[in-house]
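Working notes, structure below.
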Amino acid sequence: MYVPAAIALLLGGCRDWVEVPVPVSQLSSSSVYQDDATASAAMAGVYIQMMSSASYFASGGAGSVTVLSGLSADELESQATATSGVTFYNNALDRFNTDNARLWQQAYKTIYYANSVLEGLQKSQNVSQPVRGRLAGEALFLRAFCHFYLVNLYGDVPLVRSTDYKQNQSVARAPSDSVYAQILSDLTVAKTALASDYSIDQGQRIRPNARAAAALMARIYLYRKDWLKAADQASELIGAVSEFRLTAVDSVFLKNSREAIWQLMPVSPVLNTYEGNIFVLNAAPTSVSLHRELAKQFLSTDLRNRWIGRINAQNQLFFFPYKYKIRTGVPVQEYSMVLRLAEQYLIRAEAYVHLGQNQSAVQDLNQIRLRAGLEPLGPEALQLNKQALLDSVYQQRRLELFCEWGHRWFDLKRTGNAGPKLTESKSVRWQESAVLYPIPDSEIQLNSALVQNPGY
Amino acid sequence: MKLFYCSPGRRLLYLVCTVFIYLMLINSLKAGAQPSFIIQGKVLTAMDEMPLVGANIQLKHTALGATTDSQGAFVIKASQSTVELTVSFIGYRSLDTTVTLPLRSPLIFVLSQDLSLLQEVKVSTGYWESTRQLNTGAISKIAAETIQKQPVTNVLEALSGRMPGVSIQQTSGLAGAPINISIRGQNSLRADGNNPLYVIDGIPFSASIAAGLAGELYSGNISPLNSLNPSDIESIEILKDADATAIYGSRGANGVVLITTKKGRQGKTKLEVNFSQGAGRISRKMKVLNTPQYLQMRREAFANDGVEPTLNNAPDLLSWDPNRYTDWQKELVGNTSSSTNAQAQLSAGNERTHFILSGSLHRETTVFPGNFAYLRGAGHLQLRHATKDQRLKVNVSVNYVADKNNLMRQNLASQALTIAPNAPQIYLPSGELNWAASSWQNPMSYLRQTYKAVNDNLLTSMTVSYHLLSGLDFKVSGGFTTLNTSQQTSSPVSYFNPAYGVKNGEASFATALVKTWIAEPQLQYEKALGPGTLSVLAGMTFQQNKLRNQTLYATGYSSDAMLGTSSAAASVLVTADNQSEYRYRGIYSRLNYNLKDKYLLNLTARRDGSSRFGPNRQYANFAAAGLGWLFYQENFMKEAVPFLSFGKIRVSYGSSGSDQIPDYGFLDTYSSTAYSYNGQKGLYPTRLVNADFSWEKSRKLDIALETGLFQDRFRLTADWFNNVSTGQLVGYPLPSVTGQSQIQYNLPARVRNSGWEFELNTQYLRKTSVQWSGTINLTIPKNKLIDYPGLAGSSYANTYAIKEPLSIRKTYEYVGVDPASGTYRFKDADNSGTFNAIDRTAIVFTGQRFFGGLGNTVRYRGVELDFFLQFVRQTGANYRRDVFGMPGAWGLNNSNQPAEVLDRWQKTGDLTSNQKFSQNYAISNPVYKQFTEARSYGENSYSDASFIRLKNVSISWRVPLRAGAKGGLAGPRIFIQAQNALTFTRYKGWDPEQASVGYLPPLRVLSAGINQVF
């Protein structure tokens, strides 16, 4: 009887003893979106996350789309005795593969960060209008960008538009059509919200702007076979001559290159790009090297031979992607290219072929050929049939965009050529189910609503 | 010397302590200068007439008394001319006598052992003391003498197998590796939520600290309990049931480990020195393939696949010497470790002031090649003082431990199993590492990647009590601890294969500082009430923990020699810098009524608040009731069962809780990124937030029967317990689609831990010259997930099952190796042709079915022989689950296999336990596909991991000194001890205790030493 009385007496006094202040190393979410500076820092956090480890999907390093899809296609050879790279190369992934799981995880982590920024902005009244618009635009762009890679790597994927874990923990795979619809809707909003120049970072092209949205939309329309819209969006970029031009082969991948539509800035204190770090060889390769078949595709007069490195080691000749020249060390002179003008020419060329406008198509293709020091295609090219013309576009895509963000892998898949081309170039035992990566087993274990892709 | 470095704050503390001790000594000497009579004498054992050290001589009705010294002698100064003396010693029959002063000759008391008095052994719950007889809770106790028989680094290892209901698992044979302890089963679904509360001299101690750079050698964090010198420990008590743990309220759900350090005793100044030297080797080797077997496996794999070996996938076949053989276990983990232990202990005390001061050094090397060692220096001071009228009592204890662990960064243990037996020689004739054209990662290169952890640990506590009125005492106890950890890993250029062209080394640094203080004021009241005695206790607790940790990543070193300092790095990045604070308070009360030493009632209650919960969720109430009936005191029992010397039934029921979750879990915050983007530091959301989680509660029921038969020659205790925990606080795992891997959450699940515990202590022989005693304990635990609404839709759907234990694994039912195709076959439950969660119908129970220990001690005059067997019946993951690659395939430093794989399919019709060899890691390869399925979810990846281990054997001999030796010095004690001496098991892996393959097995340690009391 005295016990409850004593309790009441003794605890009445200092109820807040067990309430601790927010630790100095953390900032409450509501205060993050109380002013422009911290809200921008939350956005910067998303880019930093994307670039903070070579094993993340957007990094360009060992665990990135660039490297892993490069192995799945015929761009890279696996030189590692570790097994994961070999299974990507052999198109023999299993659902327990940890690199594959990390691809998935990091893409969704980026989406989660982007959604947190969107929700933070929604709840707050104190971020100024221009900053609010820009940050929301960037977040929407990144959400679309990640969904784009997910839908292309895995097929139908969960569509995640909020940070609500109660809903997201049991989300099922959405049909790719609705994923694309959401991507396009996000990009459309982003495009209107974002500026079309690079003044935000004093000319540095390190955040997606309205141009980047247009560039990604052009690619999506192309993938979705909406040729007119693809050409339209690409024209927007090609027409913006004051912002973009095809630069000399050697300066394409430098920081703030005039060809860049969006580059990610390296954040590691000891490196330039992760691409340079993994690709450039100064000894026999230990992880990846450029596929021999690809190296053979370049004519000797092609200036893009400068994008291929060669090294003799252990009595063998190895090739390596040499778009980025700096393997390690600072100062930073190269940024990681995400979107660039050359792709837009190739998108428009392909769209024009499908629209029957062969002359325009050849003109665009010739822009790429000329920059590479190749002969422009003459009038006889106009007489080529559609497939032949398309093939020459695809070939230029292969040569121009190799080892950048999985272009080759996606091109092979969307043109239905993965099986025939890959069995030819790297003698793998091809199974058609390999066009889609497996949903990581750990995800399915935690979310019973997810269904595995066939073949795994 | 780094060991004795101390911060200014600590120096001040030492100074204060020193002055304090000095003043007290002076004061006590003055106070003792008045009496006029001297009582002098000796206490001897009846058994062998050896001096009894530490016996108590008390003058009745006074505070005067003394403790015998190393020669059994004592001196008391008294002022009256007739005194009543009580001579007592634990486990011996007390003597009461009246003497008239002055004495004509010194007194000689001979005490005989009285085993019925074992029930008088004190047990403590931290808040109150009781005896085995009168205690109403489930408490197991282990004393210093059992700890000292075992050459262990971490004191928890010494408990292994010795206490019913307590399961101890050493996670690695490395000094300093964490020890998993579970008391009465797994309550929480969270793997890290089952730690008991550790209390050292009344001060709660954080059981795990994450400084940020755990070396990969350990499966988890370093155990901070390493920072306790086992020989400074007087006793360890484990509190198990509600009666004993409810007073710890929110922190008692997983049991309480109460550690009490040694205290000074009354008596002359006594110096005890102890030195021992030990040698250790891994207790078990795993049988792996030798070179001919290995090469045959590899060739067979290529033949099975119809593939020609190339330099890329078979350097072992094409470029390595097929005649080389290296036993990599011998090479990499086969050294003999050496351990040295030295300790000196000084103690003295008169009736008012006692102290003990000890210092020790422990050094232990590893079984790895290279110069790695664990070094620990510890100092312990304990001081008690009472005023002349015994009203005011002060007790101060200070423990300081500095330890340093030098190791390599990566786990070499698993590579010792998996490197091909014909791998090239380690060193070139020039003495440089042999990289064999990048065909392997030279294992010795890992020795250059170092890991260093330095800990400074200071634990201080002080208790002041004052006798206010008759029966009423006021007591304040307080404590302050700091733990300072710094860790460092480094990757020098020389670690890397030169072919990689690495030019600059790098290093990481982590520091963590944990400061804890606690204050507990309390009132105690004791009064005869009616026919019995009432004791009441009420008190409060205030506690605060502050943690600061920082990690640095330093790169661009131009010289490997300077990796120890971040200032030589070209670039230093602060990758983490966190501060956190934990606050806790509680109010507690105990009410105990003892009716004629026959009927006992014990009520406890506590209300707790913790800062780890969000607003309005911070407080919770806990309570328990314990009942005891000493039925052997009843006359009818005495008549009916005359051979019954002790009998008690105790029952307890109550609740305790758990707040073992990270700080700030309810706060919706952003944290700062380590890197910056275009000069701007970023922010990212720290966690997904659920502000509404609250206390986890565990309701515990314990029913026990304690008996003593034939004058306590047999003492049997049987406990049945049934604990149900609800509101499971978990880091609920989330799919990564949500952006985070977990969220703090109260699960609607109920988990039951029930079981039987038996302990039988027997005195086979208790003659004065020969004594032989034995102990057996057995625990049969049962764990069950009682219910979990919504389990099927949760992320645990594929992990747990209703009515099954938490430690199950859902696996594919194993059919066997298909005699036609030579691959594993599992039962396709839904006949879908693919394997998924639906097919995981075979439930494997990986927990312990029963465990216990059996020990015997024989004493004959000065010789004592002791052995202890530990036994565990369990199922665990075998070699198919972990570490090894696909049998037949090539991997960097990972292609050898256990010898078991030789029983493999070779041709149609073969009936084998392993599928055929293959070398192609492709999902299109059915052998690889089945390998991955078996590894992840195969029933055949689990097998029996039961074992019987001769945990400890020790022999000691007290060398008798010839009569008349100078000063009556007792002879030295010489001892030989062996830990983990023998293991019997059918486990298909390295060591069954861990039941996982990749970590170093516990070491078999043989140690010899000498102990001398001056």
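The chains in the structure tokens are called A, B, ... from first to last as shown; in each chain the residues are counted from 1, and the ligands are counted from 1 in the order shown.
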Counting only C-alpha atoms, what is within 9 Å of A:Asn152, bar same-chain residues fewer than 6 positions away, as a tab-separated table (two decimals) with C-alpha atoms, in the first residue's frame?
```tsv
chain	number	residue	atom	x	y	z
A	176	SER	CA	6.59	-2.23	-66.18
A	410	PHE	CA	19.93	-2.58	-72.43
A	413	LYS	CA	17.71	-6.61	-74.55
A	436	LEU	CA	16.36	-10.24	-66.30
```
Extract, using only C-alpha atoms, all DNA, RNA and protein residues at most 7 Å from A:Asp94, discarding same-chain residues fewer than 4 positions from it, and format them as a ChimeraX atom specification.
/A:438,456 /B:923
Mind dumping a table of every chain A residue within 7 Å of chain B, with the nearest atom pair and its distance in Å to one decimal, using only C-alpha atoms, sorted by chain and rising number, as a tab-separated table?
```
residue	atom	partner	partner_atom	distance
A:Ile7	CA	B:Ile587	CA	6.8
A:Val18	CA	B:Ser611	CA	4.6
A:Glu19	CA	B:Ser611	CA	5.5
A:Val20	CA	B:Ser611	CA	6.3
A:Pro23	CA	B:Ser580	CA	5.9
A:Val24	CA	B:Gln579	CA	6.8
A:Ser25	CA	B:Asn578	CA	5.5
A:Gln26	CA	B:Ser671	CA	4.7
A:Leu27	CA	B:Tyr670	CA	5.1
A:Ser28	CA	B:Thr669	CA	4.1
A:Ser29	CA	B:Thr669	CA	4.6
A:Ala41	CA	B:Gly682	CA	4.5
A:Ala42	CA	B:Leu683	CA	4.4
A:Ala44	CA	B:Gly682	CA	4.9
A:Gly45	CA	B:Gly682	CA	3.9
A:Ile48	CA	B:Tyr677	CA	6.1
A:Thr81	CA	B:Leu892	CA	5.7
A:Ala82	CA	B:Gly891	CA	6.1
A:Thr83	CA	B:Tyr921	CA	6.9
A:Thr87	CA	B:Ala922	CA	5.9
A:Asn90	CA	B:Ala922	CA	7.0
A:Ala92	CA	B:Ala922	CA	4.5
A:Leu93	CA	B:Ile923	CA	5.9
A:Asp94	CA	B:Ile923	CA	5.5
A:Gln105	CA	B:Ser736	CA	5.3
A:Tyr108	CA	B:Val737	CA	5.3
A:Lys109	CA	B:Gly739	CA	4.4
A:Tyr112	CA	B:Gly739	CA	5.0
A:Thr163	CA	B:Thr738	CA	6.7
A:Tyr165	CA	B:Thr738	CA	5.4
A:Asn168	CA	B:Thr738	CA	5.4
A:Gln169	CA	B:Pro735	CA	5.9
A:Val267	CA	B:Tyr675	CA	6.0
A:Pro269	CA	B:Ser571	CA	6.7
A:Asn282	CA	B:Gly501	CA	6.8
A:Ala283	CA	B:Ala499	CA	5.6
A:Ala284	CA	B:Ala499	CA	6.7
A:Glu443	CA	B:Pro735	CA	5.3
A:Gln445	CA	B:Asn798	CA	6.0
A:Leu446	CA	B:Ser795	CA	4.1
A:Asn447	CA	B:Ser795	CA	5.7
```
List the spatial neighbours of stretch 289-294 of chain A as a ChimeraX atom specification - criterion: any atom at most 12 Å away, only C-alpha atoms, same-chain residues fewer than 4 positions off excluded.
/A:62,67,70-80,85,89,275,278-285,298-299,305,307-311,316-323,395-396,398-403,408,421-422,424-427
Hey, what's within 12 Å of stretch 557-564 of chain B if we count only C-alpha atoms and toss same-chain stuff fewer than 5 positions away? As a ChimeraX atom specification, please?
/A:270,329 /B:448-452,487-496,502-509,569-572
Just to be explicit: take each residue in the selection above, keep N, CA and C atoms, and write the result as a CSV table (one decimal), in the first residue's frame.
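Wrote it out as part.csv, contents follow:
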```
chain,number,residue,atom,x,y,z
A,270,VAL,N,40.3,10.4,-52.3
A,270,VAL,CA,41.6,9.9,-52.8
A,270,VAL,C,41.5,9.5,-54.3
A,329,GLY,N,44.2,9.0,-57.1
A,329,GLY,CA,44.8,10.3,-56.7
A,329,GLY,C,43.9,11.5,-57.1
B,448,ARG,N,50.1,-8.5,-42.4
B,448,ARG,CA,50.6,-7.1,-42.4
B,448,ARG,C,49.5,-6.1,-42.3
B,449,GLN,N,48.3,-6.6,-42.5
B,449,GLN,CA,47.1,-5.8,-42.2
B,449,GLN,C,46.8,-5.9,-40.8
B,450,THR,N,47.1,-4.9,-40.0
B,450,THR,CA,47.0,-5.1,-38.6
B,450,THR,C,45.7,-4.5,-38.0
B,451,TYR,N,45.5,-5.0,-36.8
B,451,TYR,CA,44.3,-4.5,-36.0
B,451,TYR,C,44.8,-4.3,-34.6
B,452,LYS,N,44.6,-3.2,-34.0
B,452,LYS,CA,45.0,-3.0,-32.7
B,452,LYS,C,43.9,-2.3,-31.9
B,487,GLN,N,40.8,2.0,-31.4
B,487,GLN,CA,41.1,0.9,-32.3
B,487,GLN,C,41.8,1.4,-33.5
B,488,GLN,N,42.5,0.6,-34.1
B,488,GLN,CA,43.2,1.0,-35.3
B,488,GLN,C,43.4,-0.1,-36.3
B,489,THR,N,43.1,0.1,-37.5
B,489,THR,CA,43.5,-0.9,-38.5
B,489,THR,C,44.3,-0.3,-39.6
B,490,SER,N,45.2,-1.1,-40.1
B,490,SER,CA,46.0,-0.5,-41.2
B,490,SER,C,46.3,-1.5,-42.3
B,491,SER,N,46.3,-0.9,-43.5
B,491,SER,CA,46.6,-1.7,-44.7
B,491,SER,C,47.9,-1.1,-45.3
B,492,PRO,N,49.0,-1.6,-45.0
B,492,PRO,CA,50.2,-1.1,-45.7
B,492,PRO,C,50.4,-1.5,-47.1
B,493,VAL,N,51.2,-0.8,-47.8
B,493,VAL,CA,51.4,-1.2,-49.2
B,493,VAL,C,51.9,-2.6,-49.4
B,494,SER,N,52.7,-3.0,-48.4
B,494,SER,CA,53.2,-4.4,-48.5
B,494,SER,C,52.2,-5.5,-48.4
B,495,TYR,N,51.0,-5.1,-47.9
B,495,TYR,CA,49.9,-6.1,-47.8
B,495,TYR,C,49.4,-6.5,-49.2
B,496,PHE,N,49.5,-5.5,-50.1
B,496,PHE,CA,48.9,-5.7,-51.5
B,496,PHE,C,49.8,-6.5,-52.4
B,502,VAL,N,49.4,-0.8,-55.9
B,502,VAL,CA,49.0,0.1,-54.9
B,502,VAL,C,50.2,0.9,-54.4
B,503,LYS,N,50.1,2.2,-54.3
B,503,LYS,CA,51.2,3.0,-54.0
B,503,LYS,C,51.2,3.5,-52.5
B,504,ASN,N,49.9,3.6,-52.0
B,504,ASN,CA,49.8,4.3,-50.7
B,504,ASN,C,49.0,3.4,-49.8
B,505,GLY,N,49.5,3.4,-48.6
B,505,GLY,CA,48.8,2.6,-47.5
B,505,GLY,C,47.7,3.4,-47.0
B,506,GLU,N,46.8,2.8,-46.2
B,506,GLU,CA,45.8,3.5,-45.6
B,506,GLU,C,45.5,2.9,-44.2
B,507,ALA,N,44.8,3.7,-43.4
B,507,ALA,CA,44.6,3.3,-42.0
B,507,ALA,C,43.2,3.8,-41.5
B,508,SER,N,42.6,3.2,-40.6
B,508,SER,CA,41.4,3.7,-40.0
B,508,SER,C,41.6,3.7,-38.5
B,509,PHE,N,41.0,4.7,-37.9
B,509,PHE,CA,41.2,4.9,-36.4
B,509,PHE,C,39.8,5.1,-35.8
B,569,ALA,N,48.9,11.1,-43.0
B,569,ALA,CA,48.1,10.7,-44.1
B,569,ALA,C,47.9,12.0,-45.0
B,570,ALA,N,47.8,11.7,-46.3
B,570,ALA,CA,47.5,12.8,-47.2
B,570,ALA,C,46.1,13.4,-47.0
B,571,SER,N,45.2,12.5,-46.7
B,571,SER,CA,43.8,12.9,-46.5
B,571,SER,C,43.2,12.1,-45.3
B,572,VAL,N,42.5,12.9,-44.5
B,572,VAL,CA,41.9,12.2,-43.4
B,572,VAL,C,40.4,12.6,-43.4
```
Using only C-alpha atoms, determine which residues lie at most 6 Å from stretch 856-870 of chain B, disregarding the query and same-chain residues fewer than 6 positions distant; provide the list as a PyMOL selection string.
chain B and resi 161+769-774+948-958
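Minimum atom-to-atom distances from B:Leu552, B:Leu483, B:Leu174, B:Ala301 to B:Met408 were compared using only C-alpha atoms, and the lowest value belongs to B:Leu174.
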With stretch 192-208 of chain A as the partner and 10 Å as the cut-off, tabulate the residues of stretch 255-345 of chain A that qualify, each row holding the nearest pair of atoms and their distance in Å to one decimal, using only C-alpha atoms, sorted by chain and rising number, as a Markdown table.
```
| residue | atom | partner | partner_atom | distance |
| --- | --- | --- | --- | --- |
| A:Lys255 | CA | A:Gln204 | CA | 7.8 |
| A:Asn256 | CA | A:Gln204 | CA | 5.4 |
| A:Ser257 | CA | A:Arg205 | CA | 8.3 |
| A:Arg258 | CA | A:Arg205 | CA | 9.1 |
| A:Ala260 | CA | A:Arg205 | CA | 7.0 |
| A:Ile261 | CA | A:Arg205 | CA | 6.7 |
| A:Trp262 | CA | A:Arg205 | CA | 5.4 |
| A:Gln263 | CA | A:Ile206 | CA | 5.0 |
| A:Leu264 | CA | A:Ile206 | CA | 5.3 |
| A:Met265 | CA | A:Ile206 | CA | 6.1 |
| A:Pro266 | CA | A:Ile206 | CA | 9.9 |
| A:Tyr335 | CA | A:Ile206 | CA | 8.5 |
| A:Ser336 | CA | A:Ile206 | CA | 9.3 |
| A:Met337 | CA | A:Ile206 | CA | 9.4 |
| A:Val338 | CA | A:Ile206 | CA | 9.7 |
| A:Leu339 | CA | A:Pro208 | CA | 9.3 |
```
Using N, CA and C atoms, can you write the selected residues to a file as a PDB file, in the first residue's frame?
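Output (again.pdb):
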```
ATOM      1  N   LYS A 255      35.839  17.031 -66.274  1.00  0.00           N
ATOM      2  CA  LYS A 255      34.786  17.679 -65.505  1.00  0.00           C
ATOM      3  C   LYS A 255      34.252  18.890 -66.267  1.00  0.00           C
ATOM      4  N   ASN A 256      32.967  19.107 -66.140  1.00  0.00           N
ATOM      5  CA  ASN A 256      32.287  20.223 -66.798  1.00  0.00           C
ATOM      6  C   ASN A 256      32.462  20.223 -68.322  1.00  0.00           C
ATOM      7  N   SER A 257      32.595  19.016 -68.858  1.00  0.00           N
ATOM      8  CA  SER A 257      32.691  18.873 -70.311  1.00  0.00           C
ATOM      9  C   SER A 257      31.470  19.494 -70.981  1.00  0.00           C
ATOM     10  N   ARG A 258      31.685  20.126 -72.119  1.00  0.00           N
ATOM     11  CA  ARG A 258      30.553  20.770 -72.807  1.00  0.00           C
ATOM     12  C   ARG A 258      29.580  19.740 -73.358  1.00  0.00           C
ATOM     13  N   ALA A 260      28.572  17.219 -71.585  1.00  0.00           N
ATOM     14  CA  ALA A 260      27.846  16.629 -70.464  1.00  0.00           C
ATOM     15  C   ALA A 260      26.478  17.262 -70.288  1.00  0.00           C
ATOM     16  N   ILE A 261      25.489  16.397 -70.034  1.00  0.00           N
ATOM     17  CA  ILE A 261      24.167  16.880 -69.638  1.00  0.00           C
ATOM     18  C   ILE A 261      24.051  16.727 -68.118  1.00  0.00           C
ATOM     19  N   TRP A 262      24.593  15.635 -67.620  1.00  0.00           N
ATOM     20  CA  TRP A 262      24.652  15.459 -66.157  1.00  0.00           C
ATOM     21  C   TRP A 262      25.850  14.581 -65.822  1.00  0.00           C
ATOM     22  N   GLN A 263      26.669  15.071 -64.916  1.00  0.00           N
ATOM     23  CA  GLN A 263      27.788  14.284 -64.402  1.00  0.00           C
ATOM     24  C   GLN A 263      27.652  14.169 -62.891  1.00  0.00           C
ATOM     25  N   LEU A 264      28.119  13.046 -62.357  1.00  0.00           N
ATOM     26  CA  LEU A 264      28.186  12.926 -60.898  1.00  0.00           C
ATOM     27  C   LEU A 264      29.616  13.240 -60.469  1.00  0.00           C
ATOM     28  N   MET A 265      29.699  14.042 -59.436  1.00  0.00           N
ATOM     29  CA  MET A 265      31.007  14.487 -58.974  1.00  0.00           C
ATOM     30  C   MET A 265      31.568  13.448 -57.985  1.00  0.00           C
ATOM     31  N   PRO A 266      32.835  13.049 -58.173  1.00  0.00           N
ATOM     32  CA  PRO A 266      33.397  12.084 -57.228  1.00  0.00           C
ATOM     33  C   PRO A 266      33.447  12.669 -55.817  1.00  0.00           C
ATOM     34  N   TYR A 335      34.807  13.891 -64.018  1.00  0.00           N
ATOM     35  CA  TYR A 335      33.579  13.548 -63.296  1.00  0.00           C
ATOM     36  C   TYR A 335      32.950  12.344 -63.990  1.00  0.00           C
ATOM     37  N   SER A 336      32.107  11.652 -63.231  1.00  0.00           N
ATOM     38  CA  SER A 336      31.476  10.456 -63.784  1.00  0.00           C
ATOM     39  C   SER A 336      30.286  10.862 -64.660  1.00  0.00           C
ATOM     40  N   MET A 337      30.378  10.503 -65.958  1.00  0.00           N
ATOM     41  CA  MET A 337      29.353  10.926 -66.910  1.00  0.00           C
ATOM     42  C   MET A 337      28.108  10.073 -66.776  1.00  0.00           C
ATOM     43  N   VAL A 338      26.953  10.743 -66.672  1.00  0.00           N
ATOM     44  CA  VAL A 338      25.708   9.982 -66.615  1.00  0.00           C
ATOM     45  C   VAL A 338      24.927  10.158 -67.913  1.00  0.00           C
ATOM     46  N   LEU A 339      24.754  11.410 -68.326  1.00  0.00           N
ATOM     47  CA  LEU A 339      24.009  11.700 -69.556  1.00  0.00           C
ATOM     48  C   LEU A 339      24.859  12.633 -70.406  1.00  0.00           C
TER      49      LEU A 339
END
```
